[in-house]
>>> print(open('final07.cif').read())   # mmCIF, C-alpha atoms
data_data
loop_
_atom_site.label_atom_id
_atom_site.label_comp_id
_atom_site.auth_asym_id
_atom_site.auth_seq_id
_atom_site.Cartn_x
_atom_site.Cartn_y
_atom_site.Cartn_z
CA MET M 252 83.99 105.82 88.82
CA VAL M 253 80.38 106.82 88.16
CA PRO M 254 79.93 108.30 84.67
CA GLU M 255 79.03 111.98 84.87
CA ALA M 256 75.94 111.47 82.72
CA SER M 257 74.51 108.99 85.24
CA VAL M 258 74.73 111.36 88.21
CA ARG M 259 71.30 112.73 89.03
CA ARG M 260 71.22 116.51 88.73
CA ARG M 261 69.03 117.92 91.48
CA ARG M 262 67.38 121.24 90.61
CA PHE M 263 64.90 122.99 92.89
CA LEU M 264 62.72 126.04 92.27
CA PHE M 265 61.34 128.13 95.14
CA ILE M 266 58.28 130.25 94.36
CA SER M 267 57.47 133.00 96.86
CA ASN M 268 54.89 135.77 96.76
CA GLY M 269 55.82 138.49 99.24
CA HIS M 270 58.70 140.19 101.03
CA GLY M 271 58.50 138.09 104.19
CA GLU M 272 58.00 134.95 102.13
CA ASP M 273 61.18 135.75 100.17
CA TRP M 274 63.18 135.87 103.39
CA ILE M 275 61.75 132.56 104.58
CA ALA M 276 62.53 130.88 101.26
CA ALA M 277 66.05 132.35 101.21
CA ALA M 278 66.74 131.05 104.73
CA ILE M 279 65.69 127.54 103.73
CA ILE M 280 67.75 127.64 100.55
CA ALA M 281 70.83 128.72 102.50
CA ARG M 282 70.57 125.53 104.56
CA LEU M 283 70.28 123.13 101.63
CA PRO M 284 73.31 121.13 100.49
CA LYS M 285 75.41 122.95 97.92
CA THR M 286 75.05 119.93 95.65
CA ILE M 287 71.47 121.01 94.94
CA GLU M 288 71.09 123.66 92.26
CA VAL M 289 68.46 126.11 93.48
CA GLU M 290 66.74 129.03 91.77
CA ALA M 291 64.10 131.36 93.15
CA TYR M 292 61.07 132.93 91.51
CA PRO M 293 59.77 135.83 93.64
CA MET M 294 56.39 136.48 92.05
CA ILE M 295 56.15 140.02 93.45
CA GLY M 296 58.91 142.54 94.04
CA ALA M 297 62.64 142.59 93.46
CA GLY M 298 63.49 139.51 95.53
CA ASN M 299 66.32 141.21 97.38
CA ALA M 300 66.32 138.48 100.02
CA PHE M 301 67.88 136.08 97.52
CA THR M 302 70.93 138.25 96.86
CA GLY M 303 74.01 136.15 97.44
CA ILE M 304 71.85 133.07 98.10
CA CYS M 305 70.75 131.84 94.69
CA PRO M 306 69.89 133.08 91.16
CA ILE M 307 66.51 134.72 90.54
CA VAL M 308 64.46 133.59 87.56
CA GLY M 309 61.14 134.56 86.03
CA PRO M 310 59.53 137.89 85.15
CA ARG M 311 59.61 140.71 87.68
CA ALA M 312 56.23 142.07 88.76
CA THR M 313 55.58 145.18 90.80
CA LEU M 314 52.28 145.92 92.51
CA ALA M 315 51.55 148.88 94.75
CA SER M 316 50.20 146.49 97.36
CA GLU M 317 52.97 143.90 96.86
CA GLY M 318 50.20 141.38 97.39
CA TRP M 319 49.27 142.79 100.84
CA ARG M 320 45.53 142.16 101.19
CA ASN M 321 45.07 143.56 104.69
CA VAL M 322 44.08 146.89 103.14
CA LYS M 323 40.57 147.31 101.76
CA GLY M 324 40.41 147.79 98.01
CA SER M 325 44.04 146.74 97.43
CA LEU M 326 43.03 144.17 94.84
CA GLN M 327 40.85 146.64 92.97
CA ARG M 328 43.66 149.25 92.99
CA ASP M 329 46.17 146.72 91.72
CA LEU M 330 43.82 145.78 88.89
CA ALA M 331 43.14 149.43 88.05
CA ASN M 332 46.88 150.09 87.85
CA GLY M 333 47.67 147.29 85.44
CA GLY M 334 47.92 144.40 87.88
CA LEU M 335 46.33 141.99 85.40
CA LYS M 336 49.25 142.59 83.03
CA THR M 337 51.55 140.81 85.49
CA VAL M 338 49.56 137.57 85.28
CA PRO M 339 50.23 136.36 81.68
CA PRO M 340 54.06 136.65 81.96
CA ALA M 341 53.98 134.72 85.24
CA LEU M 342 51.83 131.95 83.79
CA ARG M 343 53.92 131.77 80.61
CA PHE M 344 57.08 131.40 82.69
CA LEU M 345 55.60 128.70 84.91
CA ARG M 346 54.30 126.80 81.90
CA ARG M 347 57.68 127.03 80.15
CA ILE M 348 59.68 125.63 83.08
CA ARG M 349 57.35 122.73 83.79
CA GLY M 350 59.39 119.54 84.21
CA LYS M 351 62.72 121.35 84.46
CA TYR M 352 63.01 121.05 88.26
CA GLU M 353 63.02 117.98 90.45
CA ARG M 354 61.22 119.87 93.19
CA VAL M 355 59.07 122.99 93.13
CA ILE M 356 58.51 124.57 96.55
CA VAL M 357 55.86 127.25 97.08
CA VAL M 358 56.22 129.59 100.06
CA GLY M 359 53.36 131.94 100.93
CA ASP M 360 49.61 131.78 100.52
CA VAL M 361 47.68 129.64 98.09
CA THR M 362 48.26 132.07 95.18
CA GLY M 363 51.51 130.39 94.19
CA VAL M 364 49.88 126.96 94.38
CA LEU M 365 47.01 128.10 92.15
CA ALA M 366 49.40 129.54 89.56
CA ALA M 367 51.53 126.41 89.54
CA TYR M 368 48.51 124.12 89.35
CA ALA M 369 47.01 126.12 86.46
CA THR M 370 50.23 125.69 84.47
CA GLY M 371 50.50 121.95 84.95
CA HIS M 372 52.79 121.62 87.96
CA ARG M 373 52.15 118.75 90.34
CA ASP M 374 53.86 117.19 93.40
CA LEU M 375 54.54 120.63 94.90
CA ILE M 376 55.97 121.13 98.36
CA TYR M 377 53.84 123.88 99.88
CA LEU M 378 54.87 125.92 102.93
CA ASP M 379 51.74 127.77 104.00
CA VAL M 380 52.91 130.75 106.04
CA TYR M 381 49.68 132.70 105.56
CA LYS M 382 46.86 130.90 107.37
CA THR M 383 47.13 131.05 111.14
CA GLY M 384 44.82 128.24 112.18
CA ALA M 385 43.12 130.56 114.66
CA ALA M 386 40.29 131.52 112.31
CA ARG M 387 39.14 130.18 108.94
CA LEU M 388 40.49 126.82 107.81
CA TYR M 389 40.92 125.84 104.15
CA SER M 390 37.88 126.28 101.94
CA ALA M 391 36.58 123.39 99.86
CA ALA M 392 38.09 124.99 96.74
CA GLU M 393 41.48 125.38 98.42
CA ARG M 394 41.45 121.75 99.58
CA PHE M 395 40.52 120.66 96.05
CA VAL M 396 43.49 122.44 94.44
CA ILE M 397 45.98 121.61 97.19
CA LYS M 398 45.11 117.90 97.05
CA ARG M 399 45.73 117.76 93.31
CA ALA M 400 48.78 120.01 93.17
CA CYS M 401 50.79 119.23 96.29
CA ARG M 402 52.82 116.29 97.48
CA THR M 403 53.41 117.62 101.01
CA VAL M 404 52.08 120.67 102.85
CA PHE M 405 53.58 122.28 105.96
CA CYS M 406 51.01 124.23 107.99
CA ARG M 407 51.30 126.62 110.92
CA ALA M 408 48.74 124.82 113.06
CA ASP M 409 47.44 121.31 113.77
CA SER M 410 43.90 122.35 112.83
CA LEU M 411 45.07 123.35 109.34
CA ALA M 412 46.98 120.13 108.82
CA GLN M 413 44.01 118.07 110.01
CA SER M 414 41.72 119.93 107.59
CA LEU M 415 43.91 118.79 104.70
CA GLU M 416 44.54 115.30 106.08
CA SER M 417 40.77 114.75 106.07
CA VAL M 418 40.84 114.84 102.25
CA GLY M 419 43.96 112.71 101.88
CA VAL M 420 46.72 115.35 101.76
CA ASP M 421 50.12 114.69 103.37
CA ALA M 422 49.92 117.74 105.65
CA ARG M 423 52.20 118.36 108.61
CA SER M 424 52.41 120.80 111.50
CA ALA M 425 55.98 120.68 112.75
CA GLY M 426 56.40 124.16 114.21
CA ASN M 427 56.39 127.69 112.88
CA VAL M 428 58.97 128.06 110.13
CA MET M 429 58.83 131.85 110.59
CA MET M 430 60.63 131.34 113.89
CA ASP M 431 63.33 129.25 112.20
CA THR M 432 63.99 132.01 109.71
CA VAL M 433 64.25 135.26 111.67
CA PRO M 434 66.94 137.09 109.66
CA HIS M 435 70.21 138.11 111.33
CA GLY M 436 72.96 140.24 109.84
CA ASN M 437 76.06 142.26 110.52
CA TYR M 438 74.80 144.90 112.95
CA ASP M 439 75.47 145.24 116.69
CA ALA M 440 72.22 146.76 117.95
CA GLN M 441 73.00 146.02 121.58
CA ALA M 442 76.16 148.15 121.44
CA ARG M 443 73.99 151.09 120.38
CA ARG M 444 71.71 150.88 123.41
CA SER M 445 71.96 153.82 125.80
CA ARG M 446 68.50 154.02 127.41
CA ARG M 447 66.68 151.64 129.74
CA LEU M 448 64.41 150.22 127.04
CA GLY M 449 64.46 149.85 123.28
CA VAL M 450 61.83 149.68 120.55
CA THR M 451 62.09 148.45 116.98
CA LEU M 452 59.94 150.06 114.29
CA LEU M 453 58.55 147.71 111.65
CA PRO M 454 56.59 150.01 109.33
CA GLY M 455 56.29 147.35 106.63
CA SER M 456 57.62 146.80 103.16
CA ARG M 457 54.90 148.21 100.93
CA ALA M 458 53.42 151.39 99.54
CA LEU M 459 52.08 152.57 102.90
CA THR M 460 55.45 152.21 104.65
CA ALA M 461 56.33 155.92 104.68
CA GLU M 462 52.88 156.85 105.95
CA SER M 463 53.07 154.23 108.72
CA PHE M 464 56.57 155.33 109.68
CA GLU M 465 55.44 158.95 109.93
CA LEU M 466 52.68 157.99 112.35
CA GLN M 467 55.07 155.88 114.43
CA ILE M 468 57.52 158.79 114.71
CA ASP M 469 54.71 161.21 115.60
CA ALA M 470 53.68 158.79 118.36
CA LEU M 471 57.23 158.62 119.74
CA ARG M 472 57.36 162.41 119.76
CA THR M 473 54.40 162.47 122.16
CA LEU M 474 56.57 160.81 124.82
CA PRO M 475 58.55 163.02 127.21
CA ILE M 476 62.18 163.09 126.12
CA ASP M 477 63.39 161.36 129.27
CA GLU M 478 60.92 158.49 128.72
CA ARG M 479 61.81 157.79 125.11
CA PRO M 480 63.42 154.43 124.38
CA ASP M 481 66.29 153.68 122.05
CA ILE M 482 64.71 153.51 118.59
CA PHE M 483 65.68 151.09 115.84
CA LEU M 484 64.26 150.79 112.33
CA ALA M 485 64.37 147.67 110.18
CA VAL M 486 64.41 148.92 106.57
CA ALA M 487 62.87 146.46 104.13
CA GLY M 488 64.41 146.08 100.71
CA GLY M 489 63.07 148.56 98.17
CA ILE M 490 62.16 151.21 100.76
CA ASN M 491 63.56 154.67 100.02
CA ILE M 492 65.07 156.07 103.20
CA ASP M 493 65.04 159.61 101.84
CA ASP M 494 61.26 159.33 101.51
CA LEU M 495 61.06 158.33 105.18
CA ALA M 496 63.21 161.29 106.18
CA LYS M 497 61.14 163.73 104.14
CA LYS M 498 57.89 162.39 105.54
CA THR M 499 58.99 162.86 109.14
CA GLY M 500 61.22 165.94 108.99
CA LEU M 501 64.20 163.89 110.13
CA ARG M 502 67.68 164.35 108.67
CA ARG M 503 69.64 161.39 107.42
CA SER M 504 73.15 160.82 108.68
CA HIS M 505 75.43 158.94 106.30
CA MET M 506 78.10 158.32 108.93
CA LEU M 507 78.22 154.53 108.71
CA SER M 508 80.14 151.95 110.68
CA ALA M 509 82.04 149.08 109.09
CA GLU M 510 79.01 146.84 109.62
CA SER M 511 77.51 145.89 106.28
CA ASP M 512 73.90 146.21 107.47
CA ASP M 513 74.32 149.64 109.06
CA LEU M 514 72.19 152.25 107.26
CA GLY M 515 73.02 155.20 109.51
CA GLU M 516 70.60 157.36 111.46
CA LEU M 517 67.61 159.63 111.07
CA THR M 518 67.53 162.48 113.59
CA ASP M 519 66.09 165.89 114.40
CA GLY M 520 68.49 166.53 117.27
CA GLU M 521 66.07 165.25 119.92
CA LEU M 522 64.81 162.01 118.46
CA THR M 523 67.21 159.58 116.78
CA VAL M 524 66.33 156.47 114.79
CA GLN M 525 69.12 153.96 114.20
CA MET M 526 68.63 152.05 110.97
CA ALA M 527 69.66 148.62 109.74
CA ARG M 528 68.76 146.53 106.72
CA GLY M 529 65.80 144.20 107.09
CA GLY M 530 68.23 141.29 106.93
CA ALA M 531 69.44 142.30 110.40
CA MET M 532 65.95 142.49 111.89
CA GLY M 533 66.71 139.70 114.34
CA ASN M 534 69.60 141.76 115.74
CA LEU M 535 67.24 144.68 116.35
CA LEU M 536 64.54 142.56 117.97
CA GLU M 537 66.99 140.91 120.34
CA ALA M 538 68.14 144.36 121.50
CA SER M 539 64.58 145.68 121.92
CA ASP M 540 61.78 145.25 124.43
CA LEU M 541 58.80 145.76 122.13
CA VAL M 542 57.88 146.76 118.59
CA LEU M 543 55.72 149.28 116.78
CA SER M 544 54.68 147.17 113.82
CA GLN M 545 52.60 147.41 110.67
CA ALA M 546 54.43 144.48 109.07
CA GLY M 547 53.16 140.99 108.33
CA THR M 548 55.72 138.21 108.76
CA ALA M 549 57.94 140.44 110.90
CA THR M 550 55.13 140.97 113.42
CA VAL M 551 54.72 137.24 113.84
CA GLN M 552 58.45 136.81 114.33
CA ALA M 553 58.64 139.65 116.86
CA LEU M 554 55.77 138.21 118.91
CA GLY M 555 57.28 134.74 118.75
CA LEU M 556 60.51 136.16 120.18
CA GLY M 557 58.57 137.65 123.08
CA ARG M 558 58.45 141.24 121.88
CA PRO M 559 54.95 142.70 122.42
CA ALA M 560 53.62 144.73 119.50
CA VAL M 561 51.64 147.94 119.23
CA THR M 562 49.85 148.38 115.93
CA PHE M 563 47.16 150.66 114.58
CA VAL M 564 44.21 150.23 112.28
CA ASN M 565 42.51 152.69 109.99
CA GLN M 566 39.53 152.74 107.69
CA ARG M 567 41.52 151.28 104.81
CA ASP M 568 42.33 148.06 106.65
CA ARG M 569 40.52 144.92 105.60
CA ARG M 570 39.16 144.06 109.01
CA SER M 571 38.33 140.42 108.31
CA ARG M 572 42.00 139.52 107.82
CA PHE M 573 43.08 141.78 110.66
CA ASN M 574 40.58 140.16 113.02
CA ASP M 575 41.70 136.69 111.99
CA GLU M 576 45.26 137.60 112.93
CA GLN M 577 44.17 139.13 116.21
CA LYS M 578 42.46 135.90 117.23
CA LEU M 579 45.89 134.32 117.09
CA PHE M 580 47.91 137.17 118.60
CA GLY M 581 45.55 137.93 121.46
CA ASP M 582 46.89 140.32 124.10
CA ALA M 583 50.42 140.03 122.68
CA ARG M 584 49.46 142.71 120.15
CA THR M 585 47.92 145.96 121.35
CA VAL M 586 45.63 147.48 118.73
CA VAL M 587 44.83 151.20 118.71
CA SER M 588 43.42 153.72 116.24
CA ALA M 589 45.62 155.40 113.64
CA ASP M 590 46.28 158.39 115.87
CA ALA M 591 49.66 159.48 117.19
CA GLY M 592 48.25 160.20 120.63
CA ALA M 593 46.63 156.77 120.95
CA ILE M 594 49.74 154.99 119.71
CA GLY M 595 51.94 157.05 122.02
CA ALA M 596 49.72 156.31 125.03
CA ALA M 597 49.83 152.55 124.36
CA LEU M 598 53.58 152.72 123.93
CA ARG M 599 54.04 154.73 127.13
CA ASN M 600 51.91 152.26 129.10
CA LEU M 601 53.99 149.30 127.95
CA LEU M 602 57.31 151.06 128.47
CA GLY M 603 56.30 151.94 132.02
CA ASP M 604 54.94 148.55 133.06
CA ASP M 605 57.57 145.80 133.16
CA GLU M 606 55.12 143.19 134.42
CA GLU M 607 52.62 143.83 131.63
CA ARG M 608 55.39 143.58 129.03
CA ARG M 609 56.43 140.22 130.47
CA ARG M 610 52.82 139.01 130.43
CA GLN M 611 52.34 139.98 126.82
CA ALA M 612 55.73 138.53 125.88
CA ASN M 613 54.73 135.15 127.30
CA ILE M 614 51.43 135.22 125.41
CA GLY M 615 53.25 135.96 122.16
CA ARG M 616 55.69 133.08 122.59
CA GLN M 617 52.86 130.67 123.41
CA ARG M 618 50.52 131.79 120.60
CA ILE M 619 53.12 131.90 117.81
CA GLY M 620 54.99 128.76 118.80
CA GLY M 621 58.66 128.05 118.56
CA PRO M 622 60.98 126.93 115.80
CA GLY M 623 61.26 123.33 114.62
CA ALA M 624 59.69 123.26 111.17
CA MET M 625 62.97 123.99 109.40
CA GLN M 626 64.52 120.57 110.01
CA ALA M 627 61.29 118.81 109.08
CA ILE M 628 61.18 120.75 105.80
CA LEU M 629 64.82 120.03 105.03
CA ASP M 630 64.29 116.33 105.72
CA VAL M 631 61.55 116.24 103.09
CA LEU M 632 63.50 118.26 100.54
CA GLU M 633 66.70 116.28 100.88
CA THR M 634 65.11 112.84 100.44
#
>>> encode(input="final07.cif", output="structure tokens")
Amino acid sequence: MVPEASVRRRRFLFISNGHGEDWIAAAIIARLPKTIEVEAYPMIGAGNAFTGICPIVGPRATLASEGWRNVKGSLQRDLANGGLKTVPPALRFLRRIRGKYERVIVVGDVTGVLAAYATGHRDLIYLDVYKTGAARLYSAAERFVIKRACRTVFCRADSLAQSLESVGVDARSAGNVMMDTVPHGNYDAQARRSRRLGVTLLPGSRALTAESFELQIDALRTLPIDERPDIFLAVAGGINIDDLAKKTGLRRSHMLSAESDDLGELTDGELTVQMARGGAMGNLLEASDLVLSQAGTATVQALGLGRPAVTFVNQRDRRSRFNDEQKLFGDARTVVSADAGAIGAALRNLLGDDEERRRQANIGRQRIGGPGAMQAILDVLET
């Protein structure tokens, strides 16, 4: 019999910095052996994705942007509203837990790597789900920090991995982990279909969600009633549904099914939106033909599943990041101005053209790539 004291205690910490990143980390954790003790540190937000998956540790930080840098001036607004006050607690926590975990895994952009590196962490496993590989590669500064802080890096594209390999980093491109971690829950979206086509609304998970949702609903209202699709809404954690109802003049129905992810309906008598928790987003996408999306990770997942996206831009968007994404998405994502008429017209064109939807669906699948990274990541973590 092996003495208990001699048994190696495996403890992992996952650091994530965004709503979509939380869901990716939670999906990986759920697949790890139960013999590994795992904790999660969501750097921004409540970390609802980890509920029932693993304990949450570290200080909670709330930013209006939730780290979303696609909007111009978001960093300055975060700083003006006390964003700098969230930094010292995070760094103190990371410094305090140094050496307490066998593995530290960072999921997101390089922010988590920088914070961990600054507080003395080394040999990180880094899952970069931010850079697309279709635009800018890693800067010299990013390569410098990643080389010194990380043991292994998983990238979304060969070009990104090669950029790191050139400076001696163990970097791998094994598929798109976002496609391994599309969340599914307890919600039968297909049973709720009654019209020829269906659309899922992905208004996002941040401060502009209600505003985006209002514009999406206004766009749907421009369609003739007999041409409207079935409408589903994936509600991200922390979003107040009553705010969405108030913004759009829709009434909330609290008549819920026995399905745990059912959030009821929003309706005005003519237009009805069927709602489910974000954890059942995969169920909604599989029952839909396209998406209206202002989300980040969820847009990538929708496109990868062959669901063309219609999105809008406005003057607040940080166009450099938006353009970088569009280089990857190509024709799979239709971009229009932030105007209900323009959005409605794009939606009507796609709903009425089966061949164009199929063309865009194929582009999305090809550009985003399929699953496969999950097993490669687990193989590294379990060794």
>>> resolve_selection(input="final07.cif", expression="the PyMOL selection byres ((chain M and resi 449) around 6)", output="PyMOL selection string")
chain M and resi 448+450+480-482+539-540
>>> residues_around(input="final07.cif", residues="stretch 358-374 of chain M", least_positions_apart="2", cutoff="7 Å", atoms="only C-alpha atoms", output="list in words")
Ile266, Ser267, Asn268, Glu272, Ala276, Leu342, Leu345, Arg346, Arg349, Ile356, Ile376, Tyr377, Leu378, Asp379, Val380, Tyr381, Ala400, Cys401 and Arg402 of chain M
>>> atom_distance(input="final07.cif", atom1="atom CA of M:Val561", atom2="atom CA of M:Thr432")
22.3 Å
>>> atom_distance(input="final07.cif", atom1="atom CA of M:Ile476", atom2="atom CA of M:Glu607")
22.2 Å
>>> closest_residue(input="final07.cif", among="M:Phe573, M:Phe263, M:Tyr438, M:Phe563", to="M:Arg528", atoms="all atoms listed in the file")
M:Tyr438
>>> atom_distance(input="final07.cif", atom1="atom CA of M:Gly500", atom2="atom CA of M:Asn534")
26.5 Å
